[in-house]
Amino acid sequence: MVEQATGFGVLSLLVFLPLLGALLTLATPREAAGLHRTLAIGTTVATFLVSLWVLAGFHGGTYHFQMVEFVPWLPQAGIHYRLGVDGISIWLILLTTLLTFLSAWFSVYVRERTKAYMVFLLLLETAMLGVFVSLDMILFYTFFEASLIPMYFLISIWGGEKRAYASLKFFLFTFAGSIFMLVGMVALAKLHEQATGAWSFSILDIQSEVASGRLWAGALQTQAVVFWAFAVAFLVKCPAFPLHTWLPDAHTEAPTAGSIILAGVLLKMGTYGFLRFCLPLFPDVIANQVPILCALAVIGILYGAAVSAVQPDVKRLIAYSSVAHMGFVLLGIFSLTPTGMVGGAYQQLNHGISTGALFLLVGLIYERRHTRLFKDYGGLKAQMPVYAALFLIVMLSSVGLPGTNGFVGEFLSLMGSFEASFARRFGLNPAYAVLAAAGVILAAVYLLWMFQKMFYGPITNPENRRLKDLKPWEVALVMVFVVFVFWGGLVPSTFTKPMEASLHAARMMALNPVGQRPDWRNLETEIDPKGNLVRVEPRTREALVVPPAYGEVIAPAEKHYPLAGPAANEPTAKEQPRA
Amino acid sequence: MPDRFRFPIPQDLDWLALSPIIVVVVAGIVALALEMLRPKRSNAAIVGVTVVGLLAAGVLAAVQAGEPAKEILAGTFLRDRFGSVVQVLMVAACLLSVLFSEGYLREKRILFGESYPLMLWATAGGMVMATSRNLVTLFVGLELLSVALYVLAGLSRREAKSEESALKYFLLGAFASAFLLYGIALFYGATGSLHLGRVAEVWTSGFEVGRSLLGVGLALILVGLSFKSAFVPFHQWTPDVYQGAPTNITAFMAAGSKVAAVAMLYRVLDACQPMVGLWLPPLFWVAILTMVVGNLAALVQKDAKRLMAYSSISHAGYLLVALLARFKAPEAVSDATLLYYLASYNFMTVGAFAVIALAARGGRESTGLSALNGLWQRSPFAASVLLLCVWSLIGVPGASGFVGKLLIFRDALAAGLAPLAIVLAVASVVSVAYYLALVKAAWVADEAEADQPIAPLRTGAGLAAAICAAGVIGLFLFVGPVLGWMGGSSSSGAESVAQAASPRG
């Protein structure tokens with residue numbers, strides 16, 4: 001199949017606009033700190049506007065990739081420049097541009113080497129956006145790895161005391177995980193070559209061959225190995241127990257903007273990778289891996305919560321809480337139920353907002369007091385009432401109080417997990433869901449504890465008497481997060497609706513047999529609003545934004561197929577999660 | 001058969017095919033004459049002649065890459081795509097090292113004009129090593145390269161470590177040559193010819209004595225070449241020699257000498273293709289050892305040049321993987337991967353050394369990692385080039401090193417050498433730790449922590465760094481055309497010659 005080059009479009013603009021900003025910043029004199037800030041904030045705002053433009057042109061009713069760009073690069077090896085968005089990536093793109101903008105805004109606090117700082121921040125944005133829009137595995141890997149370098153510098157130059165150790169550990173862990181992903185990618189491309197005679201690193205091509213069953217036809221025994229080559233990379237990135245140990249160090253030592261982006265976006269690359277690669281590409285083995293991944297998620301939830309509760313350092317506490325929260329994301333995704341997957345995917349965004357906001361708030365007080373230890377704080381409520389109020393809102397969204405965004409995500413994830421485990425699907429049992437639910441309570445324990453230690457009680461430290469409350473621009477900065485906390489909590493459908501079709505497609509790829517799998521390249525199938533896989537009239541990629549006339553149902557939404565293993569004998573009637 | 005004992009006499013001569021080598025040698029002679037005539041205190045004319053000669057040779061070699069393969073001078077010289085591409089790489093390695101030599105030698109106060117002709121002749125030696133299938137020609141090329149490098153390594157006469165470097169290199173080099181010669185003698189005994197083309201014939205004839213002679217001979221040749229290519233366990237000389245030699249020479253040694261040694265290894269292994277079952281298992285383990293030991297030993301280095309030496313050992317291991325994949329599955333894997341990796345290695349190594357050379361100032365050179373401290377303050381451009389080269393050496397995407405490793409992965413999997421691909425992956429992870437030490441010195445630490453400020457970036461060094469950076473990025477962006485130029489057809493030129501006219505004894 002010869003594809004027509006489409007040239008560069010709005011997604012390329014989105015990805016490379018920050019790079020352009022970085023190059024402009026490079027051309028400025030070293031001392032012009034104000035100019036560096038203006039350029040960085042201006043670029044991130046412009047990028048955010050472009051991402052809104054992408055959102056405006058995005059249509060939530062299809063599982064296919066939209067705004068696809070294709071430019072040939074290396075035909076001998078089937079590696080090309082190929083970008084696109086779908087429901088899984090669209091909100092992560094928005095999250096990235098928003099958080100980078102807010103981080104750049106906060107970074108007016110950075111005084112040393114502002115030029116290099118802003119350049120690295122912008123390079124990081126290019127890399128992160130690239131990860132979410134790449135449809136070619138090598139391109140994905142390129143951006144995935146490229147994000148390490150600016151982050152390494154952000155930690156090792158502007159970080160805390162143990163920055164050298166933390167930055168190296170961060171780099172080593174993630175690089176170690178992802179190099180095996182590269183081997184896995186080459187293996188997939190090689191299998192594509194065996195199946196069709198041509199190398200291809202395009203996930204559209206590979207997914208299409210997987211959907212038709214040809215790709216794995218001759219290599220079933222290697223499927224689990226390749227799955228884990230990918231899964232390890234994403235588990236490190238998430239991070240999931242026991243590969244999480246880089247995270248507390250990196251988060252704690254990173255400068256505030258680095259922590260916000262690490263927690264808000266970089267961790268999402270891991271869960272995004274699961275949704276993008278692990279679910280759609282390994283249909284024959286995924287069911288057997290679900291108990292392992294869910295167990296890791298549950299351990300992460302409990303362990304993260306338990307360790308958080310004993311941290312003397314507020315940033316470290318939030319870092320460990322990320323381990324717990326990302327456990328909910330994993331648990332939701334790997335419940336492989338529609339509810340759980342929406343919950344998991346949504347929880348990704350919530351974690352970005354809530355934890356990003358917590359790191360920001362900690363950053364604000366750190367700039368005033370230059371300490372992160374609980375023992376130096378206490379009684380701040382009287383001194384900084386506005387700060388305390390904002391902190392309370394954000395903290396409660398992290399706890400998952402109903403009405404805030406955190407509640408919706410965690411609740412849906414847990415519900416999905418209950419559905420799957422009570423039905424004893426994939427060899428899960430209710431203990432998984434029950435233990436994970438206990439994690440919600442633990443989250444309340446350590447987060448409320450943190451709030452109590454910082455804000456209540458008498459002011460024991462005389463230095464805290466001189467603390468000033470937030471300036472108006474700082475309040476505005478935090479308010480952006482607060483808006484999303486409530487928006488996400490009260491009207492979650494704004495965010496979940498556009499994701500549904502793509503998540504249904506990912507779930508069907510993982511569960512359905514050959515012939516009933518949604519094919520990313522075949523535009524004659526579609527997911528209808530009820531979540532069924534249906535046949536539609538042939539159309540072009542440009543016409544995807546128009547809802548088609550839905551035809552014959554190929555695979556109904558709710559039907560779970562019996563799979564190999566213990567779940568095979570389970571009646572499917574038990575699973576009636578949603579009306 | 002008296003014919004066997006007669007050294008081949010030139011009957012067929014193609015000046016064009018020989019022209020790149022001749023140009024380089026003549027440029028060396030002219031440069032030496034200028035060095036004797038020159039007004040003192042300026043090497044400008046010598047550098048000019050060197051650069052022009054190298055550029056001319058590079059262009060001559062590049063245009064010939066597309067020509068059909070051809071063996072001339074009674075089978076002592078072979079012009080094919082592989083050889084021509086390697087010639088271009090050799091010339092590039094020398095050119096880039098020469099560009100930053102003048103400023104470096106001036107700072108180091110060892111402004112000897114004769115270093116340029118020596119570098120040219122070393123280059124010519126390396127070019128010969130890539131373009132012959134006659135063992136004696138190959139050996140002469142190797143010695144031409146080596147003898148010139150022995151002298152160059154000791155160029156900094158006031159420094160004990162430079163002398164140590166030269167002596168060590170000479171003694172171990174002579175040792176390696178002895179192995180090689182013994183192996184060549186056994187090959188001659190087995191095949192009755194100095195031409196490698198006879199090897200396959202003798203091996204497949206089933207003549208038992210010949211086969212055992214070939215086996216032992218190949219083992220000895222491989223030991224000799226392993227010294228030159230710095231494969232573990234024949235690598236011990238590398239860190240000392242790299243550290244002691246003047247940095248511009250180290251750059252040339254790391255890039256050019258490695259390219260030439262690997263090219264000669266390619267010629268030998270190509271001829272021994274039928275014996276692949278014999279030499280593949282030991283080289284498989286040598287590759288693993290080289291990658292593992294090279295990377296682990298690099299972890300504890302505190303000296304930038306020693307670190308780069310171990311890095312070059314690791315990359316020799318990666319190159320060996322490419323070679324093994326090439327000969328394990330000749331129908332599935334082309335030369336392009338090996339050549340691409342060599343080209344990429346050339347740029348990133350010389351680029352890194354061009355920046356490391358800035359540590360020399362006012363007659364003193366400290367090569368500890370801390371010598372690069374605060375580079376970002378002194379010269380952001382040089383620090384960026386170092387970052388890019390290290391980025392590429394690690395194999396992070398966005399630079400040529402990544403594509404090189406990706407191609408090796410692909411070839412290794414295609415050839416059924418998955419364990420080597422895994423080891424390569426693990427080795428790359430380990431390499432992050434020590435490469436980042438270089439970046440950290442250049443980017444994170446302040447100048448106040450350095451022993452002495454870094455030398456200013458002169459035009460030559462700046463140009464070399466810029467070309468290397470452009471090369472690293474260019475090879476990444478234009479990998480398709482580059483591979484097309486290097487690969488041509490999937491079978492090697494030597495094979496097509498062998499098919500056209502089987503070599504005479």
# chains A, B, ... in the order shown; residues from 1 in each chain; ligands from 1
call {"tool": "interface_residues", "arguments": {"of": "chain A", "to": "chain B", "cutoff": "8 Å", "atoms": "only C-alpha atoms", "output": "MDAnalysis selection string"}}
result
chainID A and resid 73:76 141:143 145:146 153 156:157 168 171:172 175:176 179:180 183 186:187 190
call {"tool": "residues_around", "arguments": {"residues": "Glu69 of chain A", "least_positions_apart": "6", "cutoff": "8 Å", "atoms": "only C-alpha atoms", "output": "number ranges by chain"}}
result
A: 5-9, 11, 81-84
call {"tool": "closest_residue", "arguments": {"among": "B:Gly362, B:Gly471, B:Pro239, B:Gly189", "to": "Gly215 of chain B", "atoms": "only C-alpha atoms"}}
result
B:Gly189
call {"tool": "residues_around", "arguments": {"residues": "Phe82 of chain B", "least_positions_apart": "6", "cutoff": "12 Å", "atoms": "only C-alpha atoms", "output": "JSON, numbers by chain"}}
result
{"B": [61, 62, 64, 65, 66, 67, 68, 69, 70, 88, 89, 127, 129, 130, 131, 132, 259, 260, 262, 263, 264, 266, 267, 270, 334, 335, 336, 337, 338, 339, 340, 342, 485, 486, 487, 488, 489, 490, 491, 492, 493, 494, 495]}
call {"tool": "residues_around", "arguments": {"residues": "Leu235 of chain A", "least_positions_apart": "3", "cutoff": "10 Å", "atoms": "only C-alpha atoms", "output": "PyMOL selection string"}}
result
chain A and resi 174+177-178+228+230-232+238-244+267+270-271+273-274+293+296-297+330
call {"tool": "write_last_selection", "arguments": {"atoms": "C-alpha atoms", "output": "short mmCIF file (atom, residue, chain, number, x, y, z; two decimals), in the first residue's frame"}}
result
data_model
loop_
_atom_site.label_atom_id
_atom_site.label_comp_id
_atom_site.auth_asym_id
_atom_site.auth_seq_id
_atom_site.Cartn_x
_atom_site.Cartn_y
_atom_site.Cartn_z
CA THR A 174 13.81 5.13 32.56
CA GLY A 177 13.21 0.29 30.94
CA SER A 178 12.78 1.78 27.55
CA TRP A 228 6.74 -7.52 28.84
CA PHE A 230 6.92 -2.93 26.46
CA ALA A 231 5.24 -3.32 29.84
CA VAL A 232 8.49 -2.95 31.81
CA CYS A 238 4.21 4.97 35.68
CA PRO A 239 5.82 4.07 38.11
CA ALA A 240 4.53 0.82 39.52
CA PHE A 241 5.91 -1.10 42.46
CA PRO A 242 8.71 -2.37 42.50
CA LEU A 243 10.15 -0.15 39.77
CA HIS A 244 9.11 3.09 41.41
CA LEU A 267 4.19 9.61 34.52
CA GLY A 270 3.66 5.17 31.09
CA THR A 271 -0.08 4.70 31.34
CA GLY A 273 1.93 3.57 26.63
CA PHE A 274 -0.19 0.81 28.15
CA LEU A 293 -0.47 -6.02 36.55
CA LEU A 296 1.28 -4.56 41.06
CA ALA A 297 -1.31 -1.81 40.95
CA LEU A 330 -3.35 0.99 36.23
#
call {"tool": "select_by_dssp", "arguments": {"residues": "segment 242-344 of chain B", "states": "alpha helix (DSSP H)", "output": "PyMOL selection string"}}
result
chain B and resi 242-244+247-252+258-271+276-299+304-328+336-344
call {"tool": "write_last_selection", "arguments": {"atoms": "C-alpha atoms", "output": "PDB file, in the first residue's frame"}}
result
ATOM      1  CA  TYR B 242      44.440   7.206  24.478  1.00  0.00           C
ATOM      2  CA  GLN B 243      45.188   9.067  27.662  1.00  0.00           C
ATOM      3  CA  GLY B 244      48.840   9.733  26.933  1.00  0.00           C
ATOM      4  CA  THR B 247      44.191  14.658  22.115  1.00  0.00           C
ATOM      5  CA  ASN B 248      44.042  15.357  18.392  1.00  0.00           C
ATOM      6  CA  ILE B 249      45.953  12.132  17.780  1.00  0.00           C
ATOM      7  CA  THR B 250      43.682  10.280  20.203  1.00  0.00           C
ATOM      8  CA  ALA B 251      40.706  11.503  18.206  1.00  0.00           C
ATOM      9  CA  PHE B 252      42.234  10.214  15.004  1.00  0.00           C
ATOM     10  CA  LYS B 258      39.132   1.898  14.458  1.00  0.00           C
ATOM     11  CA  VAL B 259      37.493   2.331  11.070  1.00  0.00           C
ATOM     12  CA  ALA B 260      40.547   0.874   9.327  1.00  0.00           C
ATOM     13  CA  ALA B 261      40.865  -2.077  11.697  1.00  0.00           C
ATOM     14  CA  VAL B 262      37.204  -2.951  11.363  1.00  0.00           C
ATOM     15  CA  ALA B 263      37.432  -2.616   7.589  1.00  0.00           C
ATOM     16  CA  MET B 264      40.365  -5.051   7.481  1.00  0.00           C
ATOM     17  CA  LEU B 265      38.493  -7.409   9.776  1.00  0.00           C
ATOM     18  CA  TYR B 266      35.601  -7.180   7.364  1.00  0.00           C
ATOM     19  CA  ARG B 267      37.842  -8.157   4.456  1.00  0.00           C
ATOM     20  CA  VAL B 268      39.228 -11.150   6.310  1.00  0.00           C
ATOM     21  CA  LEU B 269      35.878 -12.363   7.613  1.00  0.00           C
ATOM     22  CA  ASP B 270      34.291 -11.814   4.228  1.00  0.00           C
ATOM     23  CA  ALA B 271      36.857 -14.138   2.683  1.00  0.00           C
ATOM     24  CA  VAL B 276      31.604 -18.990   9.613  1.00  0.00           C
ATOM     25  CA  GLY B 277      30.728 -21.889  11.888  1.00  0.00           C
ATOM     26  CA  LEU B 278      34.310 -21.922  13.108  1.00  0.00           C
ATOM     27  CA  TRP B 279      34.841 -18.278  13.952  1.00  0.00           C
ATOM     28  CA  LEU B 280      31.368 -17.138  14.840  1.00  0.00           C
ATOM     29  CA  PRO B 281      31.138 -18.733  18.318  1.00  0.00           C
ATOM     30  CA  PRO B 282      34.389 -17.265  19.683  1.00  0.00           C
ATOM     31  CA  LEU B 283      33.696 -13.859  18.176  1.00  0.00           C
ATOM     32  CA  PHE B 284      30.183 -14.013  19.607  1.00  0.00           C
ATOM     33  CA  TRP B 285      31.689 -14.207  23.088  1.00  0.00           C
ATOM     34  CA  VAL B 286      34.322 -11.624  22.276  1.00  0.00           C
ATOM     35  CA  ALA B 287      31.514  -9.264  21.291  1.00  0.00           C
ATOM     36  CA  ILE B 288      29.688  -9.860  24.551  1.00  0.00           C
ATOM     37  CA  LEU B 289      32.881  -9.452  26.596  1.00  0.00           C
ATOM     38  CA  THR B 290      33.822  -6.302  24.737  1.00  0.00           C
ATOM     39  CA  MET B 291      30.465  -4.674  25.322  1.00  0.00           C
ATOM     40  CA  VAL B 292      30.260  -5.690  28.963  1.00  0.00           C
ATOM     41  CA  VAL B 293      33.853  -5.007  30.018  1.00  0.00           C
ATOM     42  CA  GLY B 294      34.119  -1.806  28.004  1.00  0.00           C
ATOM     43  CA  ASN B 295      31.061  -0.331  29.603  1.00  0.00           C
ATOM     44  CA  LEU B 296      31.666  -1.544  33.139  1.00  0.00           C
ATOM     45  CA  ALA B 297      35.269  -0.377  33.200  1.00  0.00           C
ATOM     46  CA  ALA B 298      34.216   3.012  31.877  1.00  0.00           C
ATOM     47  CA  LEU B 299      31.972   3.490  34.885  1.00  0.00           C
ATOM     48  CA  ALA B 304      37.813  12.145  30.192  1.00  0.00           C
ATOM     49  CA  LYS B 305      40.238  10.567  27.711  1.00  0.00           C
ATOM     50  CA  ARG B 306      40.318   7.219  29.502  1.00  0.00           C
ATOM     51  CA  LEU B 307      36.557   7.320  29.633  1.00  0.00           C
ATOM     52  CA  MET B 308      36.421   7.873  25.903  1.00  0.00           C
ATOM     53  CA  ALA B 309      38.890   5.015  25.467  1.00  0.00           C
ATOM     54  CA  TYR B 310      36.569   2.600  27.218  1.00  0.00           C
ATOM     55  CA  SER B 311      33.707   4.087  25.270  1.00  0.00           C
ATOM     56  CA  SER B 312      35.590   3.283  22.072  1.00  0.00           C
ATOM     57  CA  ILE B 313      36.053  -0.280  23.319  1.00  0.00           C
ATOM     58  CA  SER B 314      32.298  -0.573  23.882  1.00  0.00           C
ATOM     59  CA  HIS B 315      31.592   0.754  20.430  1.00  0.00           C
ATOM     60  CA  ALA B 316      34.052  -1.738  18.999  1.00  0.00           C
ATOM     61  CA  GLY B 317      31.812  -4.354  20.576  1.00  0.00           C
ATOM     62  CA  TYR B 318      28.731  -2.894  18.903  1.00  0.00           C
ATOM     63  CA  LEU B 319      30.575  -2.847  15.592  1.00  0.00           C
ATOM     64  CA  LEU B 320      31.500  -6.472  16.064  1.00  0.00           C
ATOM     65  CA  VAL B 321      27.814  -7.306  16.518  1.00  0.00           C
ATOM     66  CA  ALA B 322      27.104  -5.583  13.210  1.00  0.00           C
ATOM     67  CA  LEU B 323      29.925  -7.573  11.564  1.00  0.00           C
ATOM     68  CA  LEU B 324      28.711 -10.882  12.956  1.00  0.00           C
ATOM     69  CA  ALA B 325      25.143 -10.228  11.856  1.00  0.00           C
ATOM     70  CA  ARG B 326      26.457  -9.297   8.422  1.00  0.00           C
ATOM     71  CA  PHE B 327      28.263 -12.591   7.960  1.00  0.00           C
ATOM     72  CA  LYS B 328      25.831 -14.827   9.792  1.00  0.00           C
ATOM     73  CA  ALA B 336      25.172  -0.506   5.105  1.00  0.00           C
ATOM     74  CA  THR B 337      24.635  -0.970   8.852  1.00  0.00           C
ATOM     75  CA  LEU B 338      28.328  -1.401   9.566  1.00  0.00           C
ATOM     76  CA  LEU B 339      29.307   1.540   7.390  1.00  0.00           C
ATOM     77  CA  TYR B 340      26.571   3.709   8.818  1.00  0.00           C
ATOM     78  CA  TYR B 341      27.672   2.947  12.353  1.00  0.00           C
ATOM     79  CA  LEU B 342      31.293   3.667  11.464  1.00  0.00           C
ATOM     80  CA  ALA B 343      30.318   6.999   9.943  1.00  0.00           C
ATOM     81  CA  SER B 344      28.221   7.920  12.929  1.00  0.00           C
TER      82      SER B 344
END
call {"tool": "closest_atom_pairs", "arguments": {"of": "segment 366-414 of chain A", "to": "segment 310-328 of chain A", "cutoff": "9 Å", "atoms": "only C-alpha atoms", "output": "CSV"}}
result
residue,atom,partner,partner_atom,distance
A:Thr371,CA,A:Asp313,CA,8.8
A:Arg372,CA,A:Asp313,CA,5.5
A:Leu373,CA,A:Asp313,CA,4.5
A:Phe374,CA,A:Pro312,CA,5.9
A:Lys375,CA,A:Pro312,CA,7.6
A:Ser398,CA,A:His325,CA,8.5
A:Gly409,CA,A:Phe328,CA,8.4
A:Glu410,CA,A:Phe328,CA,6.4
A:Ser413,CA,A:Phe328,CA,6.4
A:Leu414,CA,A:Phe328,CA,7.5
call {"tool": "write_last_selection", "arguments": {"atoms": "C-alpha atoms", "output": "mmCIF file, in the first residue's frame"}}
result
data_model
loop_
_atom_site.group_PDB
_atom_site.id
_atom_site.type_symbol
_atom_site.label_atom_id
_atom_site.label_comp_id
_atom_site.auth_asym_id
_atom_site.auth_seq_id
_atom_site.Cartn_x
_atom_site.Cartn_y
_atom_site.Cartn_z
ATOM 1 C CA THR A 371 12.525 23.988 53.533
ATOM 2 C CA ARG A 372 10.300 21.044 52.768
ATOM 3 C CA LEU A 373 10.272 19.445 56.202
ATOM 4 C CA PHE A 374 7.101 19.201 58.252
ATOM 5 C CA LYS A 375 8.951 20.012 61.450
ATOM 6 C CA SER A 398 -6.244 14.374 45.741
ATOM 7 C CA GLY A 409 -11.637 8.917 38.424
ATOM 8 C CA GLU A 410 -10.979 6.776 41.473
ATOM 9 C CA SER A 413 -11.546 2.791 38.354
ATOM 10 C CA LEU A 414 -12.642 0.976 41.470
#
call {"tool": "atom_distance", "arguments": {"atom1": "atom CA of Thr28 of chain A", "atom2": "atom CA of Leu360 of chain A"}}
result
27.9 Å
call {"tool": "residues_around", "arguments": {"residues": "Thr76 of chain B", "least_positions_apart": "3", "cutoff": "8 Å", "atoms": "only C-alpha atoms", "output": "PDB file with C-alpha atoms, in the first residue's frame"}}
result
ATOM      1  CA  PRO B   8      52.306 -10.267  -8.015  1.00  0.00           C
ATOM      2  CA  GLU B  71      40.355  -5.656  -8.740  1.00  0.00           C
ATOM      3  CA  ILE B  72      43.604  -4.326 -10.171  1.00  0.00           C
ATOM      4  CA  LEU B  73      47.355  -4.729  -9.865  1.00  0.00           C
ATOM      5  CA  SER B 132      42.592  -4.932  -0.752  1.00  0.00           C
ATOM      6  CA  ARG B 133      42.095  -8.634  -0.469  1.00  0.00           C
ATOM      7  CA  ASN B 134      45.772  -9.373  -0.617  1.00  0.00           C
ATOM      8  CA  THR B 137      48.897  -5.343   0.943  1.00  0.00           C
ATOM      9  CA  HIS B 195      45.059 -13.524  -1.940  1.00  0.00           C
TER      10      HIS B 195
END
call {"tool": "select_by_dssp", "arguments": {"residues": "segment 65-217 of chain B", "states": "strand (DSSP E)", "output": "MDAnalysis selection string"}}
result
chainID B and resid 70:72 77:79
call {"tool": "residues_around", "arguments": {"residues": "segment 548-551 of chain A", "least_positions_apart": "4", "cutoff": "10 Å", "atoms": "only C-alpha atoms", "output": "PyMOL selection string"}}
result
chain A and resi 61-62+524-529+532-539+543-544
call {"tool": "write_last_selection", "arguments": {"atoms": "C-alpha atoms", "output": "compact mmCIF listing (two decimals), in the first residue's frame"}}
result
# COMPACT_ATOMS: atom_id res chain seq x y z
CA GLY A 61 -17.27 10.12 18.02
CA THR A 62 -14.66 7.99 16.33
CA GLU A 524 -15.18 1.01 7.31
CA THR A 525 -15.66 0.13 10.95
CA GLU A 526 -16.58 2.48 13.74
CA ILE A 527 -17.58 2.50 17.39
CA ASP A 528 -21.13 3.81 17.71
CA PRO A 529 -22.26 5.97 20.67
CA ASN A 532 -20.76 -1.28 19.67
CA LEU A 533 -18.34 -2.00 16.88
CA VAL A 534 -20.35 -1.39 13.72
CA ARG A 535 -19.83 -1.35 10.00
CA VAL A 536 -20.13 1.98 8.20
CA GLU A 537 -19.94 3.24 4.65
CA PRO A 538 -16.39 3.67 3.29
CA ARG A 539 -15.09 7.18 3.88
CA ALA A 543 -14.57 12.84 6.70
CA LEU A 544 -14.22 11.26 10.15
call {"tool": "decode", "arguments": {"residues": "segment 133-151 of chain A", "atoms": "C-alpha atoms", "output": "short mmCIF file (atom, residue, chain, number, x, y, z; two decimals), in the first residue's frame"}}
result
data_model
loop_
_atom_site.label_atom_id
_atom_site.label_comp_id
_atom_site.auth_asym_id
_atom_site.auth_seq_id
_atom_site.Cartn_x
_atom_site.Cartn_y
_atom_site.Cartn_z
CA VAL A 133 0.96 12.35 18.91
CA SER A 134 3.46 9.89 17.41
CA LEU A 135 1.99 7.06 15.40
CA ASP A 136 5.32 5.56 14.47
CA MET A 137 7.06 3.48 17.10
CA ILE A 138 10.50 4.88 16.39
CA LEU A 139 9.17 8.41 16.47
CA PHE A 140 7.42 7.60 19.73
CA TYR A 141 10.62 6.17 21.15
CA THR A 142 12.52 9.21 19.94
CA PHE A 143 10.30 11.59 21.87
CA PHE A 144 9.99 9.20 24.82
CA GLU A 145 13.76 9.22 25.28
CA ALA A 146 14.24 12.83 24.27
CA SER A 147 12.13 13.85 27.25
CA LEU A 148 14.78 12.41 29.56
CA ILE A 149 17.51 14.82 28.65
CA PRO A 150 15.85 18.16 29.48
CA MET A 151 14.42 16.59 32.62
#
